[in-house]
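Dropping protein_7.pdb in here (PDB, C-alpha atoms and all ligand atoms):
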ATOM      1  CA  MET A  29     -40.027   1.829  16.421  1.00  0.00           C
ATOM      2  CA  SER A  30     -36.698   0.027  16.241  1.00  0.00           C
ATOM      3  CA  LYS A  31     -34.113   1.261  13.788  1.00  0.00           C
ATOM      4  CA  LYS A  32     -33.471  -0.166  10.351  1.00  0.00           C
ATOM      5  CA  ILE A  33     -30.247  -2.188  10.075  1.00  0.00           C
ATOM      6  CA  TYR A  34     -28.208  -2.565   6.886  1.00  0.00           C
ATOM      7  CA  LEU A  35     -26.304  -5.841   6.865  1.00  0.00           C
ATOM      8  CA  TYR A  36     -23.970  -5.799   3.879  1.00  0.00           C
ATOM      9  CA  GLY A  37     -21.472  -8.536   3.048  1.00  0.00           C
ATOM     10  CA  ASN A  38     -18.302  -7.770   1.119  1.00  0.00           C
ATOM     11  CA  TRP A  39     -16.991 -11.073  -0.139  1.00  0.00           C
ATOM     12  CA  LYS A  40     -13.754  -9.477  -1.415  1.00  0.00           C
ATOM     13  CA  MET A  41     -11.854 -11.973  -3.640  1.00  0.00           C
ATOM     14  CA  ASN A  42     -13.736 -14.971  -2.286  1.00  0.00           C
ATOM     15  CA  ASN A  43     -16.525 -17.251  -3.545  1.00  0.00           C
ATOM     16  CA  THR A  44     -16.169 -18.465  -7.123  1.00  0.00           C
ATOM     17  CA  TYR A  45     -19.163 -18.911  -9.435  1.00  0.00           C
ATOM     18  CA  SER A  46     -19.830 -22.433  -8.148  1.00  0.00           C
ATOM     19  CA  GLU A  47     -19.205 -21.449  -4.520  1.00  0.00           C
ATOM     20  CA  THR A  48     -21.748 -18.646  -4.966  1.00  0.00           C
ATOM     21  CA  GLU A  49     -24.296 -21.176  -6.225  1.00  0.00           C
ATOM     22  CA  LYS A  50     -23.548 -23.278  -3.153  1.00  0.00           C
ATOM     23  CA  PHE A  51     -23.990 -20.233  -0.889  1.00  0.00           C
ATOM     24  CA  PHE A  52     -27.437 -19.620  -2.376  1.00  0.00           C
ATOM     25  CA  ALA A  53     -28.388 -23.276  -2.036  1.00  0.00           C
ATOM     26  CA  GLU A  54     -28.035 -22.736   1.739  1.00  0.00           C
ATOM     27  CA  PHE A  55     -28.972 -19.075   2.157  1.00  0.00           C
ATOM     28  CA  PRO A  56     -32.803 -19.138   1.754  1.00  0.00           C
ATOM     29  CA  ALA A  57     -33.349 -21.528   4.682  1.00  0.00           C
ATOM     30  CA  VAL A  58     -31.155 -19.444   7.014  1.00  0.00           C
ATOM     31  CA  TYR A  59     -32.771 -16.214   5.813  1.00  0.00           C
ATOM     32  CA  GLU A  60     -36.350 -17.497   6.065  1.00  0.00           C
ATOM     33  CA  PRO A  61     -37.004 -16.348   9.680  1.00  0.00           C
ATOM     34  CA  LEU A  62     -35.675 -12.847   8.871  1.00  0.00           C
ATOM     35  CA  LYS A  63     -36.979 -12.215   5.394  1.00  0.00           C
ATOM     36  CA  ASN A  64     -40.158 -10.403   6.401  1.00  0.00           C
ATOM     37  CA  ASP A  65     -38.363  -8.155   8.886  1.00  0.00           C
ATOM     38  CA  SER A  66     -38.833  -4.672   7.433  1.00  0.00           C
ATOM     39  CA  ASN A  67     -36.096  -3.319   9.724  1.00  0.00           C
ATOM     40  CA  LEU A  68     -33.440  -5.396   7.967  1.00  0.00           C
ATOM     41  CA  GLU A  69     -31.792  -4.796   4.593  1.00  0.00           C
ATOM     42  CA  VAL A  70     -29.362  -7.503   3.530  1.00  0.00           C
ATOM     43  CA  GLY A  71     -26.885  -6.942   0.706  1.00  0.00           C
ATOM     44  CA  ILE A  72     -24.070  -8.993  -0.812  1.00  0.00           C
ATOM     45  CA  PHE A  73     -21.158  -7.717  -2.890  1.00  0.00           C
ATOM     46  CA  ALA A  74     -19.399 -10.373  -4.945  1.00  0.00           C
ATOM     47  CA  PRO A  75     -16.478 -10.529  -7.388  1.00  0.00           C
ATOM     48  CA  PHE A  76     -17.477  -9.695 -10.986  1.00  0.00           C
ATOM     49  CA  THR A  77     -17.266 -13.333 -12.093  1.00  0.00           C
ATOM     50  CA  SER A  78     -19.781 -14.356  -9.426  1.00  0.00           C
ATOM     51  CA  LEU A  79     -22.313 -11.624 -10.229  1.00  0.00           C
ATOM     52  CA  TRP A  80     -24.528 -13.840 -12.356  1.00  0.00           C
ATOM     53  CA  PRO A  81     -25.215 -16.524  -9.716  1.00  0.00           C
ATOM     54  CA  LEU A  82     -25.333 -13.756  -7.095  1.00  0.00           C
ATOM     55  CA  SER A  83     -27.991 -11.850  -9.054  1.00  0.00           C
ATOM     56  CA  GLN A  84     -30.096 -14.983  -9.512  1.00  0.00           C
ATOM     57  CA  GLY A  85     -29.862 -15.997  -5.855  1.00  0.00           C
ATOM     58  CA  ALA A  86     -30.344 -12.490  -4.497  1.00  0.00           C
ATOM     59  CA  LYS A  87     -33.420 -11.793  -6.654  1.00  0.00           C
ATOM     60  CA  LYS A  88     -35.081 -14.990  -5.444  1.00  0.00           C
ATOM     61  CA  CYS A  89     -34.516 -13.975  -1.815  1.00  0.00           C
ATOM     62  CA  GLY A  90     -35.287 -10.282  -2.331  1.00  0.00           C
ATOM     63  CA  ILE A  91     -31.918  -9.003  -1.088  1.00  0.00           C
ATOM     64  CA  VAL A  92     -29.723  -6.214  -2.436  1.00  0.00           C
ATOM     65  CA  PHE A  93     -26.652  -7.185  -4.429  1.00  0.00           C
ATOM     66  CA  GLY A  94     -23.726  -5.404  -5.958  1.00  0.00           C
ATOM     67  CA  ALA A  95     -20.151  -5.182  -7.136  1.00  0.00           C
ATOM     68  CA  GLN A  96     -16.973  -4.217  -5.300  1.00  0.00           C
ATOM     69  CA  ASN A  97     -15.531  -1.765  -7.794  1.00  0.00           C
ATOM     70  CA  VAL A  98     -16.149  -0.167 -11.192  1.00  0.00           C
ATOM     71  CA  TYR A  99     -14.408   2.193 -13.613  1.00  0.00           C
ATOM     72  CA  TYR A 100     -15.971   5.606 -14.240  1.00  0.00           C
ATOM     73  CA  GLU A 101     -15.718   5.669 -18.066  1.00  0.00           C
ATOM     74  CA  PRO A 102     -18.625   3.960 -19.878  1.00  0.00           C
ATOM     75  CA  LYS A 103     -16.417   2.105 -22.406  1.00  0.00           C
ATOM     76  CA  GLY A 104     -13.132   2.242 -24.276  1.00  0.00           C
ATOM     77  CA  ALA A 105      -9.489   1.271 -24.124  1.00  0.00           C
ATOM     78  CA  PHE A 106      -9.226   0.458 -20.400  1.00  0.00           C
ATOM     79  CA  THR A 107      -7.849  -3.072 -20.338  1.00  0.00           C
ATOM     80  CA  GLY A 108      -8.974  -5.103 -17.368  1.00  0.00           C
ATOM     81  CA  GLU A 109     -11.658  -2.675 -16.217  1.00  0.00           C
ATOM     82  CA  ILE A 110     -15.443  -3.117 -15.861  1.00  0.00           C
ATOM     83  CA  SER A 111     -17.906  -0.312 -16.675  1.00  0.00           C
ATOM     84  CA  ILE A 112     -21.187   0.803 -15.157  1.00  0.00           C
ATOM     85  CA  PRO A 113     -23.263  -0.230 -18.241  1.00  0.00           C
ATOM     86  CA  MET A 114     -21.718  -3.714 -17.956  1.00  0.00           C
ATOM     87  CA  LEU A 115     -22.907  -3.971 -14.353  1.00  0.00           C
ATOM     88  CA  LYS A 116     -26.329  -2.555 -15.199  1.00  0.00           C
ATOM     89  CA  GLU A 117     -26.960  -5.525 -17.495  1.00  0.00           C
ATOM     90  CA  TYR A 118     -26.686  -7.686 -14.399  1.00  0.00           C
ATOM     91  CA  ASP A 119     -29.207  -5.423 -12.639  1.00  0.00           C
ATOM     92  CA  VAL A 120     -26.540  -4.312 -10.170  1.00  0.00           C
ATOM     93  CA  THR A 121     -27.802  -1.369  -8.106  1.00  0.00           C
ATOM     94  CA  HIS A 122     -25.065  -0.902  -5.468  1.00  0.00           C
ATOM     95  CA  ILE A 123     -21.284  -0.626  -5.840  1.00  0.00           C
ATOM     96  CA  ILE A 124     -18.636  -0.531  -3.112  1.00  0.00           C
ATOM     97  CA  LEU A 125     -16.126   2.254  -3.807  1.00  0.00           C
ATOM     98  CA  GLY A 126     -12.983   3.403  -2.046  1.00  0.00           C
ATOM     99  CA  HIS A 127     -12.528   0.267   0.010  1.00  0.00           C
ATOM    100  CA  SER A 128      -9.256   0.442   1.937  1.00  0.00           C
ATOM    101  CA  GLU A 129      -7.923  -2.534  -0.025  1.00  0.00           C
ATOM    102  CA  ARG A 130      -8.496  -0.574  -3.250  1.00  0.00           C
ATOM    103  CA  ARG A 131      -6.829   2.469  -1.693  1.00  0.00           C
ATOM    104  CA  HIS A 132      -3.851   0.760  -0.096  1.00  0.00           C
ATOM    105  CA  ILE A 133      -3.125  -2.344  -2.191  1.00  0.00           C
ATOM    106  CA  PHE A 134      -4.125  -0.957  -5.595  1.00  0.00           C
ATOM    107  CA  GLY A 135      -3.207   2.676  -5.006  1.00  0.00           C
ATOM    108  CA  GLU A 136      -6.601   4.264  -5.747  1.00  0.00           C
ATOM    109  CA  SER A 137      -6.497   7.985  -5.019  1.00  0.00           C
ATOM    110  CA  ASP A 138      -9.172  10.203  -3.497  1.00  0.00           C
ATOM    111  CA  GLU A 139      -9.541  11.847  -6.937  1.00  0.00           C
ATOM    112  CA  LEU A 140     -10.137   8.551  -8.749  1.00  0.00           C
ATOM    113  CA  ILE A 141     -12.616   7.401  -6.111  1.00  0.00           C
ATOM    114  CA  ALA A 142     -14.504  10.724  -6.340  1.00  0.00           C
ATOM    115  CA  LYS A 143     -14.883  10.250 -10.118  1.00  0.00           C
ATOM    116  CA  LYS A 144     -16.268   6.759  -9.552  1.00  0.00           C
ATOM    117  CA  VAL A 145     -18.723   8.006  -6.911  1.00  0.00           C
ATOM    118  CA  LYS A 146     -20.012  10.675  -9.299  1.00  0.00           C
ATOM    119  CA  ALA A 147     -20.337   8.244 -12.225  1.00  0.00           C
ATOM    120  CA  VAL A 148     -22.245   5.726 -10.113  1.00  0.00           C
ATOM    121  CA  LEU A 149     -24.640   8.430  -8.873  1.00  0.00           C
ATOM    122  CA  ASP A 150     -25.111   9.732 -12.425  1.00  0.00           C
ATOM    123  CA  ALA A 151     -26.130   6.212 -13.444  1.00  0.00           C
ATOM    124  CA  GLY A 152     -28.817   6.192 -10.734  1.00  0.00           C
ATOM    125  CA  MET A 153     -26.973   3.594  -8.685  1.00  0.00           C
ATOM    126  CA  THR A 154     -25.923   3.632  -5.028  1.00  0.00           C
ATOM    127  CA  PRO A 155     -22.263   4.015  -4.079  1.00  0.00           C
ATOM    128  CA  VAL A 156     -21.235   2.314  -0.845  1.00  0.00           C
ATOM    129  CA  PHE A 157     -18.382   4.666  -0.081  1.00  0.00           C
ATOM    130  CA  CYS A 158     -15.691   3.389   2.311  1.00  0.00           C
ATOM    131  CA  TYR A 159     -13.292   5.513   4.316  1.00  0.00           C
ATOM    132  CA  GLY A 160     -11.124   5.078   7.382  1.00  0.00           C
ATOM    133  CA  GLU A 161      -7.730   5.555   8.928  1.00  0.00           C
ATOM    134  CA  THR A 162      -4.715   3.230   9.222  1.00  0.00           C
ATOM    135  CA  LEU A 163      -3.241   2.263  12.589  1.00  0.00           C
ATOM    136  CA  GLU A 164      -0.317   4.621  12.011  1.00  0.00           C
ATOM    137  CA  GLU A 165      -2.724   7.489  11.322  1.00  0.00           C
ATOM    138  CA  ARG A 166      -4.775   6.722  14.431  1.00  0.00           C
ATOM    139  CA  GLU A 167      -1.687   6.488  16.628  1.00  0.00           C
ATOM    140  CA  SER A 168      -0.266   9.737  15.297  1.00  0.00           C
ATOM    141  CA  GLY A 169      -3.543  11.515  16.041  1.00  0.00           C
ATOM    142  CA  SER A 170      -4.448  12.181  12.414  1.00  0.00           C
ATOM    143  CA  THR A 171      -7.594   9.997  12.239  1.00  0.00           C
ATOM    144  CA  PHE A 172      -9.976  12.887  11.705  1.00  0.00           C
ATOM    145  CA  THR A 173      -7.695  14.808   9.323  1.00  0.00           C
ATOM    146  CA  VAL A 174      -7.375  11.745   7.098  1.00  0.00           C
ATOM    147  CA  MET A 175     -11.080  11.004   7.122  1.00  0.00           C
ATOM    148  CA  GLU A 176     -11.992  14.613   6.489  1.00  0.00           C
ATOM    149  CA  ARG A 177      -9.793  14.522   3.383  1.00  0.00           C
ATOM    150  CA  GLN A 178     -11.314  11.235   2.185  1.00  0.00           C
ATOM    151  CA  LEU A 179     -14.913  12.294   2.788  1.00  0.00           C
ATOM    152  CA  LYS A 180     -14.618  15.850   1.496  1.00  0.00           C
ATOM    153  CA  SER A 181     -12.878  14.701  -1.651  1.00  0.00           C
ATOM    154  CA  ALA A 182     -15.766  12.331  -2.455  1.00  0.00           C
ATOM    155  CA  ILE A 183     -18.611  14.774  -1.824  1.00  0.00           C
ATOM    156  CA  LYS A 184     -17.216  18.231  -2.542  1.00  0.00           C
ATOM    157  CA  ASP A 185     -18.704  18.561  -6.055  1.00  0.00           C
ATOM    158  CA  LEU A 186     -21.979  16.794  -5.317  1.00  0.00           C
ATOM    159  CA  LEU A 187     -25.444  18.258  -4.774  1.00  0.00           C
ATOM    160  CA  PRO A 188     -27.066  17.734  -1.355  1.00  0.00           C
ATOM    161  CA  GLU A 189     -29.523  15.224  -2.862  1.00  0.00           C
ATOM    162  CA  GLU A 190     -26.619  13.224  -4.306  1.00  0.00           C
ATOM    163  CA  ILE A 191     -24.754  13.291  -0.980  1.00  0.00           C
ATOM    164  CA  SER A 192     -27.820  11.870   0.732  1.00  0.00           C
ATOM    165  CA  LYS A 193     -28.004   8.920  -1.686  1.00  0.00           C
ATOM    166  CA  ILE A 194     -24.545   7.603  -0.792  1.00  0.00           C
ATOM    167  CA  ILE A 195     -24.229   4.834   1.797  1.00  0.00           C
ATOM    168  CA  TYR A 196     -21.133   5.562   3.880  1.00  0.00           C
ATOM    169  CA  ALA A 197     -19.007   2.855   5.496  1.00  0.00           C
ATOM    170  CA  TYR A 198     -16.480   3.722   8.170  1.00  0.00           C
ATOM    171  CA  GLU A 199     -13.853   1.004   8.104  1.00  0.00           C
ATOM    172  CA  PRO A 200     -10.761   1.614  10.229  1.00  0.00           C
ATOM    173  CA  VAL A 201      -7.989  -0.155   8.317  1.00  0.00           C
ATOM    174  CA  TRP A 202      -6.521  -1.596  11.526  1.00  0.00           C
ATOM    175  CA  ALA A 203      -9.787  -3.418  12.245  1.00  0.00           C
ATOM    176  CA  ILE A 204     -10.197  -5.052   8.828  1.00  0.00           C
ATOM    177  CA  GLY A 205      -9.513  -8.780   8.753  1.00  0.00           C
ATOM    178  CA  THR A 206      -7.453  -8.487  11.936  1.00  0.00           C
ATOM    179  CA  GLY A 207      -9.998  -9.689  14.469  1.00  0.00           C
ATOM    180  CA  LYS A 208      -9.496  -6.311  16.202  1.00  0.00           C
ATOM    181  CA  THR A 209     -12.794  -4.460  16.269  1.00  0.00           C
ATOM    182  CA  ALA A 210     -13.112  -0.776  16.997  1.00  0.00           C
ATOM    183  CA  THR A 211     -14.845  -0.402  20.347  1.00  0.00           C
ATOM    184  CA  PRO A 212     -18.486   0.638  20.033  1.00  0.00           C
ATOM    185  CA  ASP A 213     -17.483   4.057  21.411  1.00  0.00           C
ATOM    186  CA  GLN A 214     -14.658   4.497  18.894  1.00  0.00           C
ATOM    187  CA  ALA A 215     -16.941   3.549  15.989  1.00  0.00           C
ATOM    188  CA  GLU A 216     -19.772   5.726  17.294  1.00  0.00           C
ATOM    189  CA  GLU A 217     -17.469   8.711  17.713  1.00  0.00           C
ATOM    190  CA  VAL A 218     -16.405   8.559  14.056  1.00  0.00           C
ATOM    191  CA  CYS A 219     -19.878   7.851  12.676  1.00  0.00           C
ATOM    192  CA  GLY A 220     -21.385  10.765  14.645  1.00  0.00           C
ATOM    193  CA  TRP A 221     -18.554  13.064  13.577  1.00  0.00           C
ATOM    194  CA  SER A 222     -19.033  11.947   9.942  1.00  0.00           C
ATOM    195  CA  ARG A 223     -22.693  12.960   9.909  1.00  0.00           C
ATOM    196  CA  LYS A 224     -21.743  16.472  10.924  1.00  0.00           C
ATOM    197  CA  LEU A 225     -18.978  16.711   8.341  1.00  0.00           C
ATOM    198  CA  ILE A 226     -21.261  15.358   5.600  1.00  0.00           C
ATOM    199  CA  GLY A 227     -23.813  17.937   6.695  1.00  0.00           C
ATOM    200  CA  ASN A 228     -26.755  15.558   6.748  1.00  0.00           C
ATOM    201  CA  GLU A 229     -27.788  13.836   9.966  1.00  0.00           C
ATOM    202  CA  LYS A 230     -29.931  11.310   8.090  1.00  0.00           C
ATOM    203  CA  VAL A 231     -27.320   9.641   5.847  1.00  0.00           C
ATOM    204  CA  VAL A 232     -26.786   5.904   6.253  1.00  0.00           C
ATOM    205  CA  ILE A 233     -23.437   5.100   7.882  1.00  0.00           C
ATOM    206  CA  LEU A 234     -22.197   1.544   8.353  1.00  0.00           C
ATOM    207  CA  TYR A 235     -19.301   0.297  10.441  1.00  0.00           C
ATOM    208  CA  GLY A 236     -16.922  -2.325   9.029  1.00  0.00           C
ATOM    209  CA  GLY A 237     -13.976  -4.178  10.546  1.00  0.00           C
ATOM    210  CA  SER A 238     -14.143  -7.674  12.074  1.00  0.00           C
ATOM    211  CA  VAL A 239     -17.892  -7.543  12.715  1.00  0.00           C
ATOM    212  CA  LYS A 240     -19.281 -10.916  13.763  1.00  0.00           C
ATOM    213  CA  GLY A 241     -22.086 -12.391  15.844  1.00  0.00           C
ATOM    214  CA  SER A 242     -20.167 -11.985  19.091  1.00  0.00           C
ATOM    215  CA  ASN A 243     -19.587  -8.224  18.795  1.00  0.00           C
ATOM    216  CA  ALA A 244     -22.588  -7.168  16.678  1.00  0.00           C
ATOM    217  CA  LYS A 245     -25.058  -6.273  19.390  1.00  0.00           C
ATOM    218  CA  GLU A 246     -22.977  -3.569  21.047  1.00  0.00           C
ATOM    219  CA  LEU A 247     -21.902  -2.025  17.737  1.00  0.00           C
ATOM    220  CA  LEU A 248     -25.317  -2.018  16.068  1.00  0.00           C
ATOM    221  CA  ASN A 249     -26.972  -0.585  19.143  1.00  0.00           C
ATOM    222  CA  MET A 250     -24.953   2.610  18.843  1.00  0.00           C
ATOM    223  CA  LYS A 251     -27.096   5.552  17.778  1.00  0.00           C
ATOM    224  CA  ASP A 252     -25.021   6.666  14.788  1.00  0.00           C
ATOM    225  CA  ILE A 253     -24.273   3.189  13.381  1.00  0.00           C
ATOM    226  CA  ASP A 254     -26.905   2.079  10.846  1.00  0.00           C
ATOM    227  CA  GLY A 255     -25.442  -1.285  10.021  1.00  0.00           C
ATOM    228  CA  ALA A 256     -22.367  -3.328   9.213  1.00  0.00           C
ATOM    229  CA  LEU A 257     -20.155  -3.949   6.207  1.00  0.00           C
ATOM    230  CA  VAL A 258     -18.919  -7.457   6.858  1.00  0.00           C
ATOM    231  CA  GLY A 259     -15.976  -9.270   5.273  1.00  0.00           C
ATOM    232  CA  GLY A 260     -14.959 -12.681   6.634  1.00  0.00           C
ATOM    233  CA  ALA A 261     -18.180 -13.442   8.486  1.00  0.00           C
ATOM    234  CA  SER A 262     -20.293 -12.834   5.344  1.00  0.00           C
ATOM    235  CA  LEU A 263     -18.863 -15.799   3.450  1.00  0.00           C
ATOM    236  CA  LYS A 264     -21.261 -18.310   5.025  1.00  0.00           C
ATOM    237  CA  PRO A 265     -25.016 -17.687   5.423  1.00  0.00           C
ATOM    238  CA  ALA A 266     -25.067 -18.703   9.100  1.00  0.00           C
ATOM    239  CA  SER A 267     -22.164 -16.528  10.308  1.00  0.00           C
ATOM    240  CA  PHE A 268     -23.456 -13.621   8.208  1.00  0.00           C
ATOM    241  CA  LEU A 269     -27.086 -13.573   9.348  1.00  0.00           C
ATOM    242  CA  GLU A 270     -26.101 -14.387  12.922  1.00  0.00           C
ATOM    243  CA  ILE A 271     -24.912 -10.759  13.099  1.00  0.00           C
ATOM    244  CA  TYR A 272     -28.480  -9.486  12.832  1.00  0.00           C
ATOM    245  CA  THR A 273     -29.899 -12.188  15.084  1.00  0.00           C
ATOM    246  CA  ALA A 274     -27.344 -11.236  17.753  1.00  0.00           C
ATOM    247  CA  PHE A 275     -28.460  -7.598  17.510  1.00  0.00           C
ATOM    248  CA  LYS A 276     -32.144  -8.470  17.810  1.00  0.00           C
ATOM    249  CA  ASN A 277     -31.833 -10.882  20.756  1.00  0.00           C
TER
HETATM  250  P1  LIG B 301     -13.647  -8.114   7.922  1.00  0.00           P
HETATM  251  O1  LIG B 301     -15.066  -8.195   8.420  1.00  0.00           O
HETATM  252  O2  LIG B 301     -13.146  -9.415   7.371  1.00  0.00           O
HETATM  253  O3  LIG B 301     -12.737  -7.499   8.942  1.00  0.00           O
HETATM  254  O4  LIG B 301     -13.663  -7.110   6.662  1.00  0.00           O
HETATM  255  C1  LIG B 301     -14.254  -5.871   6.791  1.00  0.00           C
HETATM  256  C2  LIG B 301     -14.299  -5.215   5.458  1.00  0.00           C
HETATM  257  O5  LIG B 301     -13.299  -4.815   4.924  1.00  0.00           O
HETATM  258  C3  LIG B 301     -15.609  -5.120   4.796  1.00  0.00           C
HETATM  259  O6  LIG B 301     -15.542  -4.310   3.668  1.00  0.00           O
END

How does the structure come out when it is put into structure tokens?
Amino acid sequence: MSKKIYLYGNWKMNNTYSETEKFFAEFPAVYEPLKNDSNLEVGIFAPFTSLWPLSQGAKKCGIVFGAQNVYYEPKGAFTGEISIPMLKEYDVTHIILGHSERRHIFGESDELIAKKVKAVLDAGMTPVFCYGETLEERESGSTFTVMERQLKSAIKDLLPEEISKIIYAYEPVWAIGTGKTATPDQAEEVCGWSRKLIGNEKVVILYGGSVKGSNAKELLNMKDIDGALVGGASLKPASFLEIYTAFKN
């Protein structure tokens, strides 16, 4: 039996409402040959303002969809924030948390991210929890110390059954949007190490960082990599789904 692959697209701050409609005008035809493949789970994570057309398009195609962030309080005086109940009304089931752009550009701390992870689990939704080291951290030999801090902070107060519900995404910051991919061995080393630290060999762990059709096969064939979290290449149906086709062929 071949392994199940999670192909998740993080659109970041791209694709407006009308561009999302355009994406879903094209997507079904490109997805058609793959849609009955039970070893593939496709997901797309859009900006809040594109969630409505995303939800409509994704439901028609039977793919997973979600948001890229959320605040942990259910409501109140938190100007500019979006709550979990707000996302639930759009039938959102998955939420990316702790992305390196949230950590490094917007200053989100391990503590804040841990609160979000807990709130999303409490709501019965799936956190897609991102972690990874910067280039400076890798070069100074602190990759595993940094990731241990990030991972432990997110899961330390959770029950084993909650820990197993999280989808983990290892995204080395130096490989994001740079065209520089971690080598399959580098990515595999971290994903294998993560399973041991998390204490559950069966958790889903994705790799993210410049994944595209041309490098997908080697990465997705690694034993401890269950799929990809894709930025740039997920913005167009063809370049996105090509990642899975490249793995299969
Ligand atoms: P790129 O695929 O554009 O490098 O982005 C990766 C990423 O950050 C996905 O969350």

TODO: Step by step, work through what the PyMOL selection byres (((not hetatm)) within 8 of (chain B and resi 301)) selects in the shown file, and finish by giving those residues as a list in words.
DONE: Gly37, Asn38, Trp39, Lys40, His127, Ser128, Glu129, Cys158, Glu199, Val201, Ala203, Ile204, Gly205, Thr206, Gly207, Thr209, Gly236, Gly237, Ser238, Val239, Lys240, Leu257, Val258, Gly259, Gly260, Ala261 and Ser262 of chain A

Open item on the list: What's around segment 172-176 of chain A at 7 Å? Count only C-alpha atoms, leave out sequence neighbours fewer than 4 positions away in its own chain, and write the answer as a PyMOL selection string.
Closed with: chain A and resi 159-161+180

Task: Nearest to Leu187 of chain A by atom-to-atom distance, counting all atoms listed in the file, from A:Lys146, A:Asn43, A:Gly152, A:Gly85 - done: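 Going through A:Lys146, A:Asn43, A:Gly152, A:Gly85 one by one, the smallest distance to Leu187 of chain A is for A:Lys146.
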
Task: Shell around Arg130 of chain A at 12 Å using all atoms listed in the file, local window under 5 positions removed, as a ChimeraX atom specification - done: /A:40-41,96-98,124-125,135-138,140-141,157-159,201

Work out where the centre of an axis-aligned box around every listed atom of segment 73-90 of chain A lies and how long its edges are once 8 Å is added on each side; give both in Å to one decimal as lines of an AutoDock Vina configuration file.
center_x = -25.9
center_y = -12.1
center_z = -7.1
size_x = 34.8
size_y = 24.8
size_z = 26.5

TODO: Considering only C-alpha atoms, return as a VMD selection string whatever protein or nucleic-acid residues lie within 7 Å of segment 263-270 of chain A, sequence-local ones (same chain, fewer than 5 positions apart) excluded.
DONE: chain A and resid 39 51 54 to 55 58 241

Task: Target residues per the PyMOL selection byres (((chain A and resi 123) around 10) and not hetatm), formatted as a PyMOL selection string - done: chain A and resi 73-74+93-98+112+115+120-122+124-126+144-145+148+153-157+195

TODO: Take atom CA of Phe275 of chain A and atom CA of Glu246 of chain A and report the distance between them in Å, one decimal.
DONE: 7.7 Å

- [ ] Within 8 Å of Pro81 of chain A, counting only C-alpha atoms, which residues show up once you throw out same-chain ones fewer than 6 positions away? Write them as a list in words, please.
- [x]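 Selected residues are Tyr45, Thr48 and Glu49 of chain A.
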
Task: atom CA of Thr44 of chain A to atom CA of Tyr272 of chain A, distance in Å rounded to a single decimal - done: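 Separating atom CA of Thr44 of chain A from atom CA of Tyr272 of chain A is a distance of 25.1 Å.
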
- [ ] Evaluate the PyMOL selection byres (((chain A and resi 226) around 10) and not hetatm) on the structure here and hand back the selected residues as a list in words.
- [x] Glu176, Leu179, Lys180, Ile183, Lys184, Pro188, Ile191, Ser192, Tyr196, Trp221, Ser222, Arg223, Lys224, Leu225, Gly227, Asn228, Glu229, Lys230 and Val231 of chain A

Starting from the incomplete input, reconstruct N, CA, C and O atoms of segment 98-107 of chain A and report them as a compact mmCIF listing (two decimals), in the coordinates of the input.
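The new file rebuild06.txt reads:
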# COMPACT_ATOMS: atom_id res chain seq x y z
N VAL A 98 -15.74 -0.43 -9.81
CA VAL A 98 -16.15 -0.17 -11.19
C VAL A 98 -15.25 0.94 -11.72
O VAL A 98 -14.64 1.68 -10.93
N TYR A 99 -15.15 1.06 -13.05
CA TYR A 99 -14.41 2.19 -13.61
C TYR A 99 -15.42 3.26 -14.02
O TYR A 99 -16.57 2.95 -14.32
N TYR A 100 -14.98 4.53 -14.02
CA TYR A 100 -15.97 5.61 -14.24
C TYR A 100 -16.29 5.88 -15.71
O TYR A 100 -17.32 6.47 -16.00
N GLU A 101 -15.42 5.45 -16.64
CA GLU A 101 -15.72 5.67 -18.07
C GLU A 101 -16.70 4.59 -18.54
O GLU A 101 -16.63 3.45 -18.10
N PRO A 102 -17.62 4.95 -19.46
CA PRO A 102 -18.62 3.96 -19.88
C PRO A 102 -18.07 2.85 -20.77
O PRO A 102 -18.60 1.74 -20.78
N LYS A 103 -17.03 3.15 -21.56
CA LYS A 103 -16.42 2.10 -22.41
C LYS A 103 -15.09 2.63 -22.96
O LYS A 103 -14.77 3.81 -22.78
N GLY A 104 -14.35 1.76 -23.63
CA GLY A 104 -13.13 2.24 -24.28
C GLY A 104 -11.91 1.40 -23.96
O GLY A 104 -12.01 0.27 -23.48
N ALA A 105 -10.75 1.99 -24.25
CA ALA A 105 -9.49 1.27 -24.12
C ALA A 105 -8.99 1.32 -22.67
O ALA A 105 -8.12 2.12 -22.32
N PHE A 106 -9.59 0.50 -21.83
CA PHE A 106 -9.23 0.46 -20.40
C PHE A 106 -9.08 -1.01 -19.99
O PHE A 106 -9.92 -1.57 -19.27
N THR A 107 -8.05 -1.64 -20.51
CA THR A 107 -7.85 -3.07 -20.34
C THR A 107 -8.00 -3.52 -18.89
O THR A 107 -7.39 -2.94 -17.99
